[in-house]
file protein19.pdb (PDB, C-alpha atoms, pLDDT in the B column)
ATOM      1  CA  MET A 277     107.730 127.534  85.844  1.00 40.00           C
ATOM      2  CA  GLN A 278     105.998 129.214  88.738  1.00 48.00           C
ATOM      3  CA  SER A 279     108.359 130.606  91.353  1.00 47.00           C
ATOM      4  CA  PRO A 280     108.476 128.250  94.361  1.00 52.00           C
ATOM      5  CA  TRP A 281     109.077 130.999  96.913  1.00 58.00           C
ATOM      6  CA  GLY A 282     106.132 132.138  98.939  1.00 64.00           C
ATOM      7  CA  PRO A 283     103.893 130.852 101.666  1.00 66.00           C
ATOM      8  CA  PRO A 284     102.770 127.277 101.047  1.00 72.00           C
ATOM      9  CA  PRO A 285      99.100 126.524 101.537  1.00 76.00           C
ATOM     10  CA  ILE A 286      98.301 124.761 104.804  1.00 88.00           C
ATOM     11  CA  THR A 287      95.789 121.958 104.441  1.00 89.00           C
ATOM     12  CA  ALA A 288      94.067 119.785 107.009  1.00 91.00           C
ATOM     13  CA  ASN A 289      96.218 116.821 105.935  1.00 92.00           C
ATOM     14  CA  SER A 290      99.516 118.712 106.029  1.00 94.00           C
ATOM     15  CA  SER A 291      98.723 120.138 109.458  1.00 95.00           C
ATOM     16  CA  ALA A 292      97.716 116.710 110.794  1.00 96.00           C
ATOM     17  CA  ILE A 293     100.890 115.094 109.418  1.00 96.00           C
ATOM     18  CA  GLU A 294     103.018 117.834 111.013  1.00 97.00           C
ATOM     19  CA  GLN A 295     101.445 117.104 114.398  1.00 98.00           C
ATOM     20  CA  TYR A 296     101.800 113.359 113.824  1.00 97.00           C
ATOM     21  CA  LEU A 297     105.528 113.716 113.080  1.00 97.00           C
ATOM     22  CA  PHE A 298     106.097 116.021 116.056  1.00 98.00           C
ATOM     23  CA  ASN A 299     104.403 113.479 118.325  1.00 98.00           C
ATOM     24  CA  GLN A 300     106.393 110.610 116.792  1.00 97.00           C
ATOM     25  CA  ILE A 301     109.702 112.468 117.210  1.00 98.00           C
ATOM     26  CA  ASN A 302     108.982 113.034 120.897  1.00 98.00           C
ATOM     27  CA  HIS A 303     107.694 109.478 121.368  1.00 98.00           C
ATOM     28  CA  ASP A 304     110.953 108.140 119.909  1.00 97.00           C
ATOM     29  CA  ARG A 305     112.944 110.466 122.169  1.00 98.00           C
ATOM     30  CA  ALA A 306     110.972 109.448 125.268  1.00 98.00           C
ATOM     31  CA  MET A 307     111.521 105.755 124.458  1.00 97.00           C
ATOM     32  CA  ARG A 308     115.263 106.458 124.558  1.00 97.00           C
ATOM     33  CA  GLY A 309     115.072 108.330 127.861  1.00 98.00           C
ATOM     34  CA  LEU A 310     115.701 111.711 126.208  1.00 98.00           C
ATOM     35  CA  TYR A 311     113.979 115.019 126.974  1.00 98.00           C
ATOM     36  CA  LEU A 312     111.187 116.036 124.599  1.00 99.00           C
ATOM     37  CA  TYR A 313     111.717 118.675 121.935  1.00 99.00           C
ATOM     38  CA  SER A 314     109.653 121.832 122.278  1.00 98.00           C
ATOM     39  CA  TRP A 315     107.644 123.082 119.302  1.00 98.00           C
ATOM     40  CA  ASN A 316     109.006 126.165 117.552  1.00 96.00           C
ATOM     41  CA  SER A 317     106.602 127.975 115.208  1.00 95.00           C
ATOM     42  CA  THR A 318     109.359 129.948 113.473  1.00 93.00           C
ATOM     43  CA  LEU A 319     111.161 126.716 112.623  1.00 94.00           C
ATOM     44  CA  ALA A 320     107.870 125.143 111.521  1.00 95.00           C
ATOM     45  CA  ASN A 321     107.131 128.011 109.136  1.00 92.00           C
ATOM     46  CA  GLY A 322     110.615 127.751 107.622  1.00 89.00           C
ATOM     47  CA  ALA A 323     110.341 123.961 107.421  1.00 92.00           C
ATOM     48  CA  ARG A 324     106.951 124.210 105.720  1.00 93.00           C
ATOM     49  CA  LEU A 325     108.353 126.643 103.172  1.00 88.00           C
ATOM     50  CA  HIS A 326     111.325 124.341 102.549  1.00 87.00           C
ATOM     51  CA  SER A 327     108.981 121.372 101.980  1.00 90.00           C
ATOM     52  CA  TRP A 328     107.022 123.446  99.487  1.00 90.00           C
ATOM     53  CA  ASN A 329     110.215 124.579  97.757  1.00 85.00           C
ATOM     54  CA  MET A 330     111.393 120.960  97.428  1.00 86.00           C
ATOM     55  CA  SER A 331     108.230 120.150  95.488  1.00 87.00           C
ATOM     56  CA  HIS A 332     109.317 122.754  92.929  1.00 81.00           C
ATOM     57  CA  CYS A 333     113.111 122.420  92.763  1.00 80.00           C
ATOM     58  CA  GLY A 334     113.866 118.897  93.934  1.00 75.00           C
ATOM     59  CA  PHE A 335     114.417 116.862  97.066  1.00 76.00           C
ATOM     60  CA  SER A 336     117.407 118.490  98.761  1.00 73.00           C
ATOM     61  CA  HIS A 337     118.609 119.958 102.036  1.00 74.00           C
ATOM     62  CA  SER A 338     119.969 122.961 100.156  1.00 71.00           C
ATOM     63  CA  CYS A 339     117.014 123.762  97.874  1.00 66.00           C
ATOM     64  CA  PRO A 340     116.547 126.564  96.889  1.00 58.00           C
ATOM     65  CA  ASP A 341     119.703 128.298  98.162  1.00 55.00           C
ATOM     66  CA  GLY A 342     122.069 125.684  96.734  1.00 53.00           C
ATOM     67  CA  ASP A 343     124.469 125.958  99.677  1.00 51.00           C
ATOM     68  CA  SER A 344     125.557 122.336  99.935  1.00 48.00           C
ATOM     69  CA  ALA A 345     128.502 123.245 102.174  1.00 43.00           C
ATOM     70  CA  ASN A 346     126.177 124.120 105.048  1.00 52.00           C
ATOM     71  CA  GLY A 347     122.828 122.340 105.260  1.00 56.00           C
ATOM     72  CA  CYS A 348     121.823 124.610 108.153  1.00 75.00           C
ATOM     73  CA  MET A 349     122.248 127.874 106.234  1.00 77.00           C
ATOM     74  CA  ARG A 350     118.486 128.437 105.943  1.00 78.00           C
ATOM     75  CA  ILE A 351     118.022 127.774 109.667  1.00 84.00           C
ATOM     76  CA  THR A 352     120.887 130.165 110.444  1.00 82.00           C
ATOM     77  CA  TYR A 353     118.973 132.936 108.667  1.00 80.00           C
ATOM     78  CA  GLU A 354     116.055 132.322 111.041  1.00 82.00           C
ATOM     79  CA  PHE A 355     118.255 131.966 114.158  1.00 85.00           C
ATOM     80  CA  PRO A 356     121.482 133.924 113.553  1.00 82.00           C
ATOM     81  CA  ASN A 357     122.808 133.468 117.112  1.00 85.00           C
ATOM     82  CA  ASN A 358     122.246 129.717 117.162  1.00 83.00           C
ATOM     83  CA  ASN A 359     125.386 127.597 116.943  1.00 82.00           C
ATOM     84  CA  ASP A 360     123.803 124.162 116.538  1.00 89.00           C
ATOM     85  CA  CYS A 361     121.105 122.958 114.188  1.00 91.00           C
ATOM     86  CA  GLY A 362     119.860 119.880 112.408  1.00 91.00           C
ATOM     87  CA  GLU A 363     117.488 118.946 109.636  1.00 92.00           C
ATOM     88  CA  CYS A 364     115.729 115.815 108.426  1.00 93.00           C
ATOM     89  CA  ILE A 365     113.778 115.712 105.169  1.00 92.00           C
ATOM     90  CA  SER A 366     111.594 113.067 103.577  1.00 93.00           C
ATOM     91  CA  SER A 367     109.210 112.554 100.705  1.00 94.00           C
ATOM     92  CA  THR A 368     106.771 109.859  99.679  1.00 94.00           C
ATOM     93  CA  LEU A 369     103.952 109.487  97.209  1.00 94.00           C
ATOM     94  CA  GLY A 370     100.664 109.668  99.087  1.00 91.00           C
ATOM     95  CA  ASP A 371      97.174 108.733  98.021  1.00 91.00           C
ATOM     96  CA  GLY A 372      95.201 111.557  99.623  1.00 88.00           C
ATOM     97  CA  THR A 373      94.184 109.399 102.577  1.00 92.00           C
ATOM     98  CA  LEU A 374      95.471 110.874 105.827  1.00 93.00           C
ATOM     99  CA  ALA A 375      95.947 107.513 107.568  1.00 93.00           C
ATOM    100  CA  ASN A 376      97.975 106.104 104.658  1.00 92.00           C
ATOM    101  CA  GLU A 377     100.086 109.244 104.324  1.00 93.00           C
ATOM    102  CA  GLU A 378     100.817 109.241 108.069  1.00 93.00           C
ATOM    103  CA  ALA A 379     101.752 105.555 107.905  1.00 93.00           C
ATOM    104  CA  LYS A 380     104.102 106.068 104.951  1.00 93.00           C
ATOM    105  CA  ILE A 381     105.828 109.138 106.339  1.00 92.00           C
ATOM    106  CA  GLY A 382     105.882 107.532 109.801  1.00 92.00           C
ATOM    107  CA  SER A 383     107.717 104.537 108.354  1.00 94.00           C
ATOM    108  CA  ILE A 384     110.337 106.849 106.835  1.00 93.00           C
ATOM    109  CA  GLN A 385     110.637 108.618 110.199  1.00 94.00           C
ATOM    110  CA  GLU A 386     111.239 105.315 111.977  1.00 93.00           C
ATOM    111  CA  GLY A 387     113.924 104.464 109.434  1.00 93.00           C
ATOM    112  CA  MET A 388     115.691 107.757 110.109  1.00 93.00           C
ATOM    113  CA  VAL A 389     115.677 107.471 113.899  1.00 95.00           C
ATOM    114  CA  ASN A 390     116.763 103.819 113.724  1.00 93.00           C
ATOM    115  CA  GLU A 391     119.662 104.297 111.303  1.00 90.00           C
ATOM    116  CA  PRO A 392     122.710 102.245 112.284  1.00 90.00           C
ATOM    117  CA  ASP A 393     124.805 104.231 114.741  1.00 84.00           C
ATOM    118  CA  SER A 394     127.730 105.744 112.836  1.00 84.00           C
ATOM    119  CA  PRO A 395     129.363 109.172 112.422  1.00 81.00           C
ATOM    120  CA  SER A 396     127.368 109.666 109.194  1.00 80.00           C
ATOM    121  CA  SER A 397     123.943 108.793 110.655  1.00 87.00           C
ATOM    122  CA  TRP A 398     122.850 112.433 110.608  1.00 90.00           C
ATOM    123  CA  HIS A 399     119.110 111.739 110.813  1.00 91.00           C
ATOM    124  CA  ARG A 400     119.582 109.639 113.942  1.00 93.00           C
ATOM    125  CA  ILE A 401     122.083 112.140 115.368  1.00 92.00           C
ATOM    126  CA  HIS A 402     119.625 115.037 114.964  1.00 93.00           C
ATOM    127  CA  LEU A 403     116.582 113.118 116.189  1.00 95.00           C
ATOM    128  CA  THR A 404     118.369 111.810 119.297  1.00 96.00           C
ATOM    129  CA  SER A 405     120.508 114.887 119.967  1.00 96.00           C
ATOM    130  CA  GLN A 406     121.210 116.022 123.506  1.00 96.00           C
ATOM    131  CA  THR A 407     122.206 119.519 122.354  1.00 96.00           C
ATOM    132  CA  LEU A 408     119.187 120.398 120.192  1.00 96.00           C
ATOM    133  CA  HIS A 409     116.043 121.434 122.072  1.00 96.00           C
ATOM    134  CA  SER A 410     113.428 122.861 119.683  1.00 97.00           C
ATOM    135  CA  VAL A 411     111.882 121.478 116.523  1.00 98.00           C
ATOM    136  CA  GLY A 412     109.607 122.748 113.802  1.00 97.00           C
ATOM    137  CA  VAL A 413     107.974 120.352 111.377  1.00 97.00           C
ATOM    138  CA  GLY A 414     106.676 121.507 108.013  1.00 95.00           C
ATOM    139  CA  VAL A 415     104.732 119.373 105.540  1.00 95.00           C
ATOM    140  CA  TYR A 416     103.559 120.123 102.027  1.00 93.00           C
ATOM    141  CA  VAL A 417     101.246 117.802 100.094  1.00 92.00           C
ATOM    142  CA  SER A 418     101.602 118.568  96.381  1.00 90.00           C
ATOM    143  CA  PRO A 419      98.705 118.473  93.904  1.00 89.00           C
ATOM    144  CA  SER A 420     100.283 115.327  92.410  1.00 91.00           C
ATOM    145  CA  GLY A 421     100.110 113.589  95.813  1.00 92.00           C
ATOM    146  CA  TRP A 422     103.739 113.817  96.907  1.00 92.00           C
ATOM    147  CA  VAL A 423     104.160 114.438 100.636  1.00 94.00           C
ATOM    148  CA  TYR A 424     107.301 116.411 101.525  1.00 94.00           C
ATOM    149  CA  SER A 425     108.383 116.886 105.131  1.00 95.00           C
ATOM    150  CA  THR A 426     111.108 118.952 106.751  1.00 94.00           C
ATOM    151  CA  GLU A 427     112.081 118.781 110.418  1.00 96.00           C
ATOM    152  CA  ASP A 428     114.322 121.628 111.564  1.00 95.00           C
ATOM    153  CA  MET A 429     115.966 121.632 114.994  1.00 96.00           C
ATOM    154  CA  VAL A 430     117.972 124.181 116.982  1.00 95.00           C
ATOM    155  CA  ALA A 431     119.738 124.279 120.333  1.00 92.00           C
TER     156      ALA A 431
END

call {"tool": "encode", "arguments": {"input": "protein19.pdb", "output": "structure tokens"}}
result
Amino acid sequence: MQSPWGPPPITANSSAIEQYLFNQINHDRAMRGLYLYSWNSTLANGARLHSWNMSHCGFSHSCPDGDSANGCMRITYEFPNNNDCGECISSTLGDGTLANEEAKIGSIQEGMVNEPDSPSSWHRIHLTSQTLHSVGVGVYVSPSGWVYSTEDMVA
């Protein structure tokens, strides 16, 4: 198997879906009266790499480092002085059509932000946080059509 580590290719579709998700995250925040997240390129690069890695080693917050005790370990490497972080991941089978892929991944995004309010609603907690301030979104569209997304947030 080819090693999954390395820079993932950026395509027009993956870039457009990243922007779409960033806009949707901030739209959802604005609708709730929350401040908007700022874009963070370092987080986006790490998120993009994580999305690419998931296509090789499985859908997981801890892929490839395997550290299930701390889902923010990878983000901590990028921001060692940060004491708060969050992550949301998703995947769906696309069809190569940008509009359909945005609609599918957008539907997953809406499901995450509208999770029932509970202490274990981590997607909702991260997406509506009042302590996190920056986000990076990374998308990888695999040759087989799977669309993987990672949204990383820091304070």

call {"tool": "closest_residue", "arguments": {"input": "protein19.pdb", "among": "A:Arg305, A:Cys361, A:Ala288, A:Glu354", "to": "Thr407 (chain A)", "atoms": "only C-alpha atoms"}}
result
A:Cys361

call {"tool": "resolve_selection", "arguments": {"input": "protein19.pdb", "expression": "the PyMOL selection byres ((chain A and resi 287) around 12)", "output": "list in words"}}
result
Pro284, Pro285, Ile286, Ala288, Asn289, Ser290, Ser291, Ala292, Ile293, Glu294, Arg324, Gly372, Leu374, Gly414, Val415, Tyr416, Val417, Ser418, Pro419 and Val423 of chain A

call {"tool": "closest_residue", "arguments": {"input": "protein19.pdb", "among": "A:Glu363, A:Glu378, A:Asp371, A:Glu391", "to": "Val411 (chain A)", "atoms": "all atoms listed in the file"}}
result
A:Glu363

call {"tool": "closest_atom_pairs", "arguments": {"input": "protein19.pdb", "of": "region 357-420 of chain A", "to": "region 297-301 of chain A", "cutoff": "8 Å", "atoms": "all atoms listed in the file", "output": "JSON lines"}}
result
{"residue": "A:Gly382", "atom": "CA", "partner": "A:Leu297", "partner_atom": "CA", "distance": 7.0}
{"residue": "A:Gln385", "atom": "CA", "partner": "A:Leu297", "partner_atom": "CA", "distance": 7.8}
{"residue": "A:Leu403", "atom": "CA", "partner": "A:Ile301", "partner_atom": "CA", "distance": 7.0}
{"residue": "A:Val411", "atom": "CA", "partner": "A:Phe298", "partner_atom": "CA", "distance": 8.0}
{"residue": "A:Gly412", "atom": "CA", "partner": "A:Phe298", "partner_atom": "CA", "distance": 7.9}
{"residue": "A:Val413", "atom": "CA", "partner": "A:Phe298", "partner_atom": "CA", "distance": 6.6}

call {"tool": "atom_distance", "arguments": {"input": "protein19.pdb", "atom1": "CA of Tyr311 (chain A)", "atom2": "CA of Trp398 (chain A)"}}
result
18.8 Å

call {"tool": "atom_distance", "arguments": {"input": "protein19.pdb", "atom1": "CA of Ile401 (chain A)", "atom2": "CA of Val389 (chain A)"}}
result
8.1 Å

call {"tool": "residues_around", "arguments": {"input": "protein19.pdb", "residues": "Leu310 (chain A)", "least_positions_apart": "4", "cutoff": "8 Å", "atoms": "only C-alpha atoms", "output": "ChimeraX atom specification"}}
result
/A:305-306,404,406

call {"tool": "atom_distance", "arguments": {"input": "protein19.pdb", "atom1": "CA of Ala431 (chain A)", "atom2": "CA of Arg400 (chain A)"}}
result
16.0 Å

call {"tool": "axis_aligned_box", "arguments": {"input": "protein19.pdb", "around": "region 296-315 of chain A", "padding_each_side": "5 Å", "output": "JSON"}}
result
{"center_x": 108.8, "center_y": 114.4, "center_z": 120.5, "size_x": 23.9, "size_y": 27.3, "size_z": 24.8}

call {"tool": "resolve_selection", "arguments": {"input": "protein19.pdb", "expression": "the PyMOL selection byres ((chain A and resi 351) around 10)", "output": "list in words"}}
result
Thr318, Leu319, Gly322, Ala323, Gly347, Cys348, Met349, Arg350, Thr352, Tyr353, Glu354, Phe355, Pro356, Asn358, Asp360, Cys361, Gly362, Glu363, Asp428, Met429 and Val430 of chain A

call {"tool": "write_last_selection", "arguments": {"input": "protein19.pdb", "atoms": "C-alpha atoms", "output": "CSV table (one decimal), keeping the file's coordinate frame"}}
result
chain,number,residue,atom,x,y,z
A,318,THR,CA,109.4,129.9,113.5
A,319,LEU,CA,111.2,126.7,112.6
A,322,GLY,CA,110.6,127.8,107.6
A,323,ALA,CA,110.3,124.0,107.4
A,347,GLY,CA,122.8,122.3,105.3
A,348,CYS,CA,121.8,124.6,108.2
A,349,MET,CA,122.2,127.9,106.2
A,350,ARG,CA,118.5,128.4,105.9
A,352,THR,CA,120.9,130.2,110.4
A,353,TYR,CA,119.0,132.9,108.7
A,354,GLU,CA,116.1,132.3,111.0
A,355,PHE,CA,118.3,132.0,114.2
A,356,PRO,CA,121.5,133.9,113.6
A,358,ASN,CA,122.2,129.7,117.2
A,360,ASP,CA,123.8,124.2,116.5
A,361,CYS,CA,121.1,123.0,114.2
A,362,GLY,CA,119.9,119.9,112.4
A,363,GLU,CA,117.5,118.9,109.6
A,428,ASP,CA,114.3,121.6,111.6
A,429,MET,CA,116.0,121.6,115.0
A,430,VAL,CA,118.0,124.2,117.0

call {"tool": "closest_residue", "arguments": {"input": "protein19.pdb", "among": "A:Tyr296, A:Glu427, A:His332, A:Met307", "to": "Ser410 (chain A)", "atoms": "all atoms listed in the file"}}
result
A:Glu427

call {"tool": "closest_residue", "arguments": {"input": "protein19.pdb", "among": "A:Asn329, A:Ser366, A:Asn302, A:Ser397", "to": "Ser314 (chain A)", "atoms": "only C-alpha atoms"}}
result
A:Asn302
